[in-house]
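*Asks:* Sending over structure_3.pdb (PDB, C-alpha atoms, pLDDT in the B column).
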```pdb
MODEL        1
ATOM      1  CA  MET A   1     -12.556  -7.187  -7.819  1.00 77.00           C
ATOM      2  CA  MET A   2     -10.592  -4.304  -6.400  1.00 92.00           C
ATOM      3  CA  LYS A   3     -10.669  -1.229  -8.646  1.00 96.00           C
ATOM      4  CA  TRP A   4      -9.151   2.188  -8.165  1.00 98.00           C
ATOM      5  CA  VAL A   5      -8.663   5.561  -9.813  1.00 97.00           C
ATOM      6  CA  LEU A   6      -5.511   7.612  -9.338  1.00 97.00           C
ATOM      7  CA  LYS A   7      -5.247  11.264 -10.255  1.00 95.00           C
ATOM      8  CA  LYS A   8      -3.361  14.386  -9.336  1.00 95.00           C
ATOM      9  CA  SER A   9      -4.652  15.947  -6.131  1.00 92.00           C
ATOM     10  CA  ASN A  10      -5.730  19.548  -6.637  1.00 80.00           C
ATOM     11  CA  GLY A  11      -5.412  20.505  -2.978  1.00 77.00           C
ATOM     12  CA  THR A  12      -2.287  20.994  -0.944  1.00 76.00           C
ATOM     13  CA  ASP A  13      -3.796  19.155   2.044  1.00 79.00           C
ATOM     14  CA  ASN A  14      -2.822  15.820   0.469  1.00 84.00           C
ATOM     15  CA  PRO A  15       0.881  15.293   1.279  1.00 86.00           C
ATOM     16  CA  HIS A  16       1.298  12.737  -1.525  1.00 92.00           C
ATOM     17  CA  ALA A  17      -0.278  14.934  -4.241  1.00 94.00           C
ATOM     18  CA  VAL A  18      -2.143  11.792  -5.339  1.00 96.00           C
ATOM     19  CA  GLU A  19      -5.863  11.236  -5.030  1.00 95.00           C
ATOM     20  CA  LEU A  20      -6.791   7.584  -4.655  1.00 97.00           C
ATOM     21  CA  ARG A  21     -10.448   6.726  -5.178  1.00 96.00           C
ATOM     22  CA  MET A  22     -11.904   3.327  -4.344  1.00 98.00           C
ATOM     23  CA  LYS A  23     -15.227   1.912  -3.172  1.00 97.00           C
ATOM     24  CA  PRO A  24     -16.040   2.775   0.481  1.00 97.00           C
ATOM     25  CA  GLU A  25     -15.250  -0.743   1.708  1.00 96.00           C
ATOM     26  CA  PHE A  26     -11.595  -0.013   0.855  1.00 97.00           C
ATOM     27  CA  ASP A  27     -11.432   3.180   2.972  1.00 97.00           C
ATOM     28  CA  PRO A  28      -9.069   1.482   5.478  1.00 97.00           C
ATOM     29  CA  LEU A  29      -6.643   0.738   2.624  1.00 98.00           C
ATOM     30  CA  VAL A  30      -6.831   4.258   1.168  1.00 97.00           C
ATOM     31  CA  THR A  31      -6.397   5.882   4.576  1.00 95.00           C
ATOM     32  CA  ALA A  32      -3.538   3.549   5.538  1.00 96.00           C
ATOM     33  CA  ILE A  33      -1.677   4.406   2.310  1.00 96.00           C
ATOM     34  CA  TYR A  34      -2.160   8.117   2.977  1.00 94.00           C
ATOM     35  CA  THR A  35      -0.622   7.714   6.462  1.00 93.00           C
ATOM     36  CA  ILE A  36       2.735   6.690   4.974  1.00 95.00           C
ATOM     37  CA  ASP A  37       5.071   9.656   4.807  1.00 93.00           C
ATOM     38  CA  TYR A  38       6.045  10.205   1.192  1.00 95.00           C
ATOM     39  CA  GLU A  39       9.719  10.054   2.154  1.00 95.00           C
ATOM     40  CA  LEU A  40       9.172   6.498   3.436  1.00 96.00           C
ATOM     41  CA  PHE A  41       7.301   5.326   0.349  1.00 97.00           C
ATOM     42  CA  PRO A  42      10.374   3.839  -1.384  1.00 98.00           C
ATOM     43  CA  GLU A  43      11.044   1.732   1.708  1.00 97.00           C
ATOM     44  CA  PHE A  44       7.359   0.748   1.888  1.00 97.00           C
ATOM     45  CA  MET A  45       7.361  -0.437  -1.751  1.00 97.00           C
ATOM     46  CA  THR A  46      10.536  -2.438  -1.179  1.00 97.00           C
ATOM     47  CA  VAL A  47       8.980  -4.106   1.881  1.00 97.00           C
ATOM     48  CA  VAL A  48       5.828  -4.874  -0.136  1.00 97.00           C
ATOM     49  CA  SER A  49       7.964  -6.427  -2.885  1.00 96.00           C
ATOM     50  CA  GLN A  50       9.354  -8.800  -0.242  1.00 95.00           C
ATOM     51  CA  SER A  51       5.831  -9.577   1.087  1.00 94.00           C
ATOM     52  CA  GLU A  52       6.884  -8.411   4.539  1.00 95.00           C
ATOM     53  CA  ASN A  53       4.717  -6.716   7.127  1.00 96.00           C
ATOM     54  CA  TRP A  54       4.800  -2.932   7.406  1.00 96.00           C
ATOM     55  CA  GLY A  55       3.203  -0.529   9.766  1.00 93.00           C
ATOM     56  CA  PHE A  56       3.087   1.466  12.932  1.00 86.00           C
ATOM     57  CA  SER A  57       0.623   1.884  15.781  1.00 79.00           C
ATOM     58  CA  TYR A  58      -2.362   3.295  13.875  1.00 91.00           C
ATOM     59  CA  ALA A  59      -1.974   1.706  10.441  1.00 95.00           C
ATOM     60  CA  TYR A  60      -0.401  -1.499   9.212  1.00 95.00           C
ATOM     61  CA  PHE A  61      -0.263  -4.031   6.410  1.00 97.00           C
ATOM     62  CA  ARG A  62       0.113  -7.734   7.252  1.00 96.00           C
ATOM     63  CA  PHE A  63       0.837 -10.471   4.732  1.00 97.00           C
ATOM     64  CA  TYR A  64      -0.640 -13.940   5.265  1.00 97.00           C
ATOM     65  CA  ASP A  65       2.733 -15.702   5.033  1.00 94.00           C
ATOM     66  CA  CYS A  66       4.238 -13.395   7.679  1.00 95.00           C
ATOM     67  CA  MET A  67       1.528 -14.014  10.254  1.00 96.00           C
ATOM     68  CA  ASP A  68       1.243 -16.760  12.834  1.00 95.00           C
ATOM     69  CA  LEU A  69      -2.012 -18.528  13.701  1.00 94.00           C
ATOM     70  CA  ALA A  70      -2.788 -16.192  16.605  1.00 95.00           C
ATOM     71  CA  GLU A  71      -2.457 -13.150  14.326  1.00 94.00           C
ATOM     72  CA  ARG A  72      -4.706 -14.783  11.731  1.00 95.00           C
ATOM     73  CA  ASP A  73      -7.263 -15.470  14.470  1.00 94.00           C
ATOM     74  CA  VAL A  74      -7.296 -11.747  15.261  1.00 92.00           C
ATOM     75  CA  VAL A  75      -8.011 -11.052  11.583  1.00 95.00           C
ATOM     76  CA  GLU A  76     -10.936 -13.461  11.700  1.00 94.00           C
ATOM     77  CA  ARG A  77     -12.402 -11.552  14.661  1.00 92.00           C
ATOM     78  CA  PHE A  78     -12.131  -8.284  12.690  1.00 91.00           C
ATOM     79  CA  GLU A  79     -13.309  -9.614   9.353  1.00 93.00           C
ATOM     80  CA  GLY A  80     -15.663 -12.434  10.319  1.00 93.00           C
ATOM     81  CA  ARG A  81     -13.857 -14.944   8.132  1.00 95.00           C
ATOM     82  CA  ARG A  82     -10.536 -16.759   7.912  1.00 95.00           C
ATOM     83  CA  MET A  83      -7.742 -14.995   6.101  1.00 96.00           C
ATOM     84  CA  LYS A  84      -6.690 -16.774   2.906  1.00 96.00           C
ATOM     85  CA  PRO A  85      -3.178 -17.268   1.545  1.00 95.00           C
ATOM     86  CA  ALA A  86      -2.199 -14.450  -0.818  1.00 95.00           C
ATOM     87  CA  GLU A  87      -4.233 -11.893   1.125  1.00 97.00           C
ATOM     88  CA  VAL A  88      -3.115  -8.725   2.866  1.00 97.00           C
ATOM     89  CA  PHE A  89      -4.781  -7.551   6.072  1.00 97.00           C
ATOM     90  CA  VAL A  90      -4.972  -3.765   6.234  1.00 97.00           C
ATOM     91  CA  TYR A  91      -5.682  -2.076   9.557  1.00 96.00           C
ATOM     92  CA  GLN A  92      -6.299   1.619  10.060  1.00 96.00           C
ATOM     93  CA  GLU A  93      -7.158   2.588  13.634  1.00 95.00           C
ATOM     94  CA  TYR A  94      -9.731   5.263  12.794  1.00 95.00           C
ATOM     95  CA  VAL A  95     -11.316   3.724   9.680  1.00 96.00           C
ATOM     96  CA  GLY A  96     -11.254  -0.035  10.242  1.00 96.00           C
ATOM     97  CA  THR A  97      -9.908  -3.108   8.488  1.00 96.00           C
ATOM     98  CA  VAL A  98     -10.093  -4.793   5.111  1.00 97.00           C
ATOM     99  CA  LEU A  99      -8.674  -7.925   3.496  1.00 97.00           C
ATOM    100  CA  VAL A 100      -7.376  -7.515  -0.048  1.00 97.00           C
ATOM    101  CA  GLY A 101      -5.823  -9.896  -2.538  1.00 97.00           C
ATOM    102  CA  GLN A 102      -2.047  -9.602  -2.615  1.00 96.00           C
ATOM    103  CA  ILE A 103      -1.823  -9.492  -6.428  1.00 96.00           C
ATOM    104  CA  HIS A 104      -4.192  -6.520  -6.652  1.00 97.00           C
ATOM    105  CA  PHE A 105      -2.587  -4.899  -3.613  1.00 98.00           C
ATOM    106  CA  ASN A 106       0.869  -5.094  -5.209  1.00 97.00           C
ATOM    107  CA  GLN A 107      -0.467  -3.659  -8.472  1.00 98.00           C
ATOM    108  CA  LEU A 108      -2.170  -0.798  -6.625  1.00 98.00           C
ATOM    109  CA  ILE A 109       1.000   0.048  -4.694  1.00 98.00           C
ATOM    110  CA  LEU A 110       3.012  -0.013  -7.924  1.00 98.00           C
ATOM    111  CA  GLU A 111       0.588   2.306  -9.734  1.00 98.00           C
ATOM    112  CA  TYR A 112       0.292   4.535  -6.681  1.00 98.00           C
ATOM    113  CA  GLY A 113       4.102   4.745  -6.469  1.00 98.00           C
ATOM    114  CA  HIS A 114       4.318   5.844 -10.102  1.00 98.00           C
ATOM    115  CA  ALA A 115       1.626   8.490  -9.498  1.00 97.00           C
ATOM    116  CA  LEU A 116       3.346   9.664  -6.296  1.00 97.00           C
ATOM    117  CA  LEU A 117       6.659  10.060  -8.091  1.00 97.00           C
ATOM    118  CA  LEU A 118       5.055  12.007 -10.941  1.00 96.00           C
ATOM    119  CA  TYR A 119       2.628  14.255  -9.063  1.00 95.00           C
ATOM    120  CA  LYS A 120       4.683  14.904  -5.925  1.00 94.00           C
ATOM    121  CA  SER A 121       7.663  16.102  -7.944  1.00 92.00           C
ATOM    122  CA  GLN A 122       5.386  18.280 -10.107  1.00 91.00           C
ATOM    123  CA  ARG A 123       3.832  19.982  -7.082  1.00 90.00           C
ATOM    124  CA  ASP A 124       6.604  20.087  -4.485  1.00 89.00           C
ATOM    125  CA  LEU A 125      10.346  20.296  -4.346  1.00 90.00           C
ATOM    126  CA  VAL A 126      11.633  16.772  -3.735  1.00 93.00           C
ATOM    127  CA  SER A 127      15.224  15.632  -3.414  1.00 96.00           C
ATOM    128  CA  ALA A 128      17.039  13.881  -6.222  1.00 96.00           C
ATOM    129  CA  ALA A 129      17.891  11.149  -3.710  1.00 97.00           C
ATOM    130  CA  TRP A 130      14.164  10.510  -3.066  1.00 97.00           C
ATOM    131  CA  VAL A 131      13.443  10.402  -6.801  1.00 97.00           C
ATOM    132  CA  ASN A 132      16.232   7.852  -7.260  1.00 98.00           C
ATOM    133  CA  GLU A 133      15.002   5.772  -4.311  1.00 98.00           C
ATOM    134  CA  MET A 134      11.477   5.803  -5.753  1.00 98.00           C
ATOM    135  CA  LYS A 135      12.691   4.693  -9.186  1.00 98.00           C
ATOM    136  CA  LYS A 136      14.728   1.879  -7.638  1.00 98.00           C
ATOM    137  CA  ALA A 137      11.804   0.747  -5.441  1.00 98.00           C
ATOM    138  CA  LEU A 138       9.411   0.860  -8.422  1.00 98.00           C
ATOM    139  CA  SER A 139      11.837  -1.293 -10.386  1.00 98.00           C
ATOM    140  CA  ILE A 140      12.106  -3.818  -7.525  1.00 97.00           C
ATOM    141  CA  LEU A 141       8.324  -4.004  -7.111  1.00 97.00           C
ATOM    142  CA  THR A 142       7.811  -4.344 -10.866  1.00 97.00           C
ATOM    143  CA  ALA A 143      10.280  -7.242 -10.969  1.00 96.00           C
ATOM    144  CA  HIS A 144       8.473  -8.876  -8.029  1.00 95.00           C
ATOM    145  CA  ILE A 145       5.085  -8.549  -9.747  1.00 95.00           C
ATOM    146  CA  LEU A 146       6.389  -9.926 -13.024  1.00 93.00           C
ATOM    147  CA  GLY A 147       7.987 -12.819 -11.149  1.00 86.00           C
ATOM    148  CA  PRO A 148      10.785 -15.229 -12.022  1.00 71.00           C
ATOM    149  CA  SER A 149       9.109 -16.484 -15.187  1.00 59.00           C
ATOM    150  CA  ASN A 150      10.543 -13.650 -17.270  1.00 47.00           C
ATOM    151  CA  GLY A 151      14.165 -13.834 -16.243  1.00 45.00           C
ATOM    152  CA  HIS A 152      14.058 -11.677 -13.076  1.00 39.00           C
TER     153      HIS A 152
ENDMDL
END
```
Since I need it in another form, could you write the structure as structure tokens?
*Replies:*
Amino acid sequence: MMKWVLKKSNGTDNPHAVELRMKPEFDPLVTAIYTIDYELFPEFMTVVSQSENWGFSYAYFRFYDCMDLAERDVVERFEGRRMKPAEVFVYQEYVGTVLVGQIHFNQLILEYGHALLLYKSQRDLVSAAWVNEMKKALSILTAHILGPSNGH
């Protein structure tokens, strides 16, 4: 089971103003999240809500359904096992890789997004446009997590 703790970062070296604590095996996930510029986080959450791949050269998130067999074979070489449906492959060039369940991943990103919105705007001057984009992206991701069974 993937567990995490989110709290306000005391230092100014954390650009998100959010401290994410998880077990060491999830360091690639934590580091990959930290590599996302806060200004891009609304876009990242929207992409996650659509279960689409996201990333750049040194960190990326790949969803099972968006990968072909060759890409899944690469995951198996990294992880030593086949990737399962409803898993997300997280790669961070300097820290490594980890497979995480998509349901828990989505929940983490949602909670992290709420914390980012709260703590970043408490610590730093952020634009009203970014705040609005974050609120919209949080709403979209929430609707995705809740699914079609409740009228969304």
*Asks:* Which neighbours of Lys3 of chain A fall inside 9 Å, counting all atoms listed in the file, when residues of the same chain fewer than 3 positions from it are skipped, and could you give them as a PDB file with C-alpha atoms, in the frame of the given file?
*Replies:*
```
ATOM      1  CA  ARG A  21     -10.448   6.726  -5.178  1.00 96.00           C
ATOM      2  CA  MET A  22     -11.904   3.327  -4.344  1.00 98.00           C
ATOM      3  CA  LYS A  23     -15.227   1.912  -3.172  1.00 97.00           C
ATOM      4  CA  HIS A 104      -4.192  -6.520  -6.652  1.00 97.00           C
ATOM      5  CA  LEU A 108      -2.170  -0.798  -6.625  1.00 98.00           C
TER       6      LEU A 108
END
```
*Asks:* Measuring atom to atom with all atoms listed in the file, identify which of A:Ser9, A:Phe63, A:Met134, A:Ile36 is nearest to Val48 of chain A.
*Replies:* A:Phe63
*Asks:* I need the output of the PyMOL selection byres ((chain A and resi 26) around 9) for this file as a PyMOL selection string; which residues are they?
*Replies:* chain A and resi 2+22-25+27-31+97-100
*Asks:* For this structure, which residues satisfy the selection - the PyMOL selection byres ((chain A and resi 137) around 12) - when it is evaluated on the file as given? I want them as an MDAnalysis selection string.
*Replies:* chainID A and resid 40:50 109:110 113:114 117 130:136 138:144
*Asks:* Measuring atom to atom with all atoms listed in the file, identify which of A:Arg123, A:Phe105, A:Tyr112, A:Gly55 is nearest to Ile145 of chain A.
*Replies:* A:Phe105
*Asks:* Using all atoms listed in the file, find the one residue out of A:Val90, A:Val75, A:Ala70, A:Leu146 that sits nearest to Asn53 of chain A.
*Replies:* A:Val90
*Asks:* From the set A:Glu87, A:Ser57, A:Tyr119, A:Ala32, which residue has the shortest atom-to-atom contact distance to Gly11 of chain A, counting only C-alpha atoms?
*Replies:*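 Looking at the shortest contact to Gly11 of chain A, the residue is A:Tyr119.
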*Asks:* Just how far from atom CA of Asn106 of chain A is atom CA of Ser121 of chain A, in Å to one decimal?
*Replies:*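 Pair atom CA of Ser121 of chain A / atom CA of Asn106 of chain A returns 22.4 Å.
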*Asks:* Please write out, as AutoDock Vina command-line options, where the centre of an axis-aligned box around all listed atoms of segment 87-101 of chain A lies and how long its edges are, in Å to one decimal, after adding 3 Å on each side.
*Replies:*
```
--center_x -7.2 --center_y -3.3 --center_z 5.5 --size_x 14.2 --size_y 23.2 --size_z 22.2
```
*Asks:* To one decimal in Å, tell me the separation between atom CA of Gly96 of chain A and atom CA of Val74 of chain A.
*Replies:*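 Result for atom CA of Gly96 of chain A versus atom CA of Val74 of chain A: 13.3 Å, one decimal.
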*Asks:* Can you work out the spacing between atom CA of Leu69 of chain A and atom CA of Tyr34 of chain A in Å, to one decimal?
*Replies:*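 For atom CA of Leu69 of chain A relative to atom CA of Tyr34 of chain A, the distance reads 28.7 Å.
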*Asks:* With the file shown as input, list the residues that the PyMOL selection byres ((chain A and resi 84) around 12) selects, as a PDB file with C-alpha atoms, in the coordinates of the input.
*Replies:*
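That gives us expr-v4.pdb:
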```
ATOM      1  CA  PHE A  63       0.837 -10.471   4.732  1.00 97.00           C
ATOM      2  CA  TYR A  64      -0.640 -13.940   5.265  1.00 97.00           C
ATOM      3  CA  ASP A  65       2.733 -15.702   5.033  1.00 94.00           C
ATOM      4  CA  MET A  67       1.528 -14.014  10.254  1.00 96.00           C
ATOM      5  CA  LEU A  69      -2.012 -18.528  13.701  1.00 94.00           C
ATOM      6  CA  ARG A  72      -4.706 -14.783  11.731  1.00 95.00           C
ATOM      7  CA  ASP A  73      -7.263 -15.470  14.470  1.00 94.00           C
ATOM      8  CA  VAL A  75      -8.011 -11.052  11.583  1.00 95.00           C
ATOM      9  CA  GLU A  76     -10.936 -13.461  11.700  1.00 94.00           C
ATOM     10  CA  GLU A  79     -13.309  -9.614   9.353  1.00 93.00           C
ATOM     11  CA  ARG A  81     -13.857 -14.944   8.132  1.00 95.00           C
ATOM     12  CA  ARG A  82     -10.536 -16.759   7.912  1.00 95.00           C
ATOM     13  CA  MET A  83      -7.742 -14.995   6.101  1.00 96.00           C
ATOM     14  CA  PRO A  85      -3.178 -17.268   1.545  1.00 95.00           C
ATOM     15  CA  ALA A  86      -2.199 -14.450  -0.818  1.00 95.00           C
ATOM     16  CA  GLU A  87      -4.233 -11.893   1.125  1.00 97.00           C
ATOM     17  CA  VAL A  88      -3.115  -8.725   2.866  1.00 97.00           C
ATOM     18  CA  PHE A  89      -4.781  -7.551   6.072  1.00 97.00           C
ATOM     19  CA  LEU A  99      -8.674  -7.925   3.496  1.00 97.00           C
ATOM     20  CA  VAL A 100      -7.376  -7.515  -0.048  1.00 97.00           C
ATOM     21  CA  GLY A 101      -5.823  -9.896  -2.538  1.00 97.00           C
ATOM     22  CA  GLN A 102      -2.047  -9.602  -2.615  1.00 96.00           C
TER      23      GLN A 102
END
```
*Asks:* Ranking A:Glu52, A:Lys7, A:Tyr38, A:Thr12 by minimum distance to Ser127 of chain A and counting all atoms listed in the file, which one comes first?
*Replies:*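 Nearest candidate to Ser127 of chain A out of A:Glu52, A:Lys7, A:Tyr38, A:Thr12: A:Tyr38.
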*Asks:* Please identify all polymer residues within 8 Å of Glu93 of chain A, counting all atoms listed in the file, omitting same-chain residues fewer than 2 positions from it, and present them as a ChimeraX atom specification.
*Replies:* /A:58-59,91,95-96
*Asks:* Can you work out which one of A:Leu6, A:Met1, A:Ile103, A:Ala17 has the shortest atom-to-atom distance to Asp124 of chain A, counting all atoms listed in the file?
*Replies:*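 The closest residue to Asp124 of chain A is A:Ala17.
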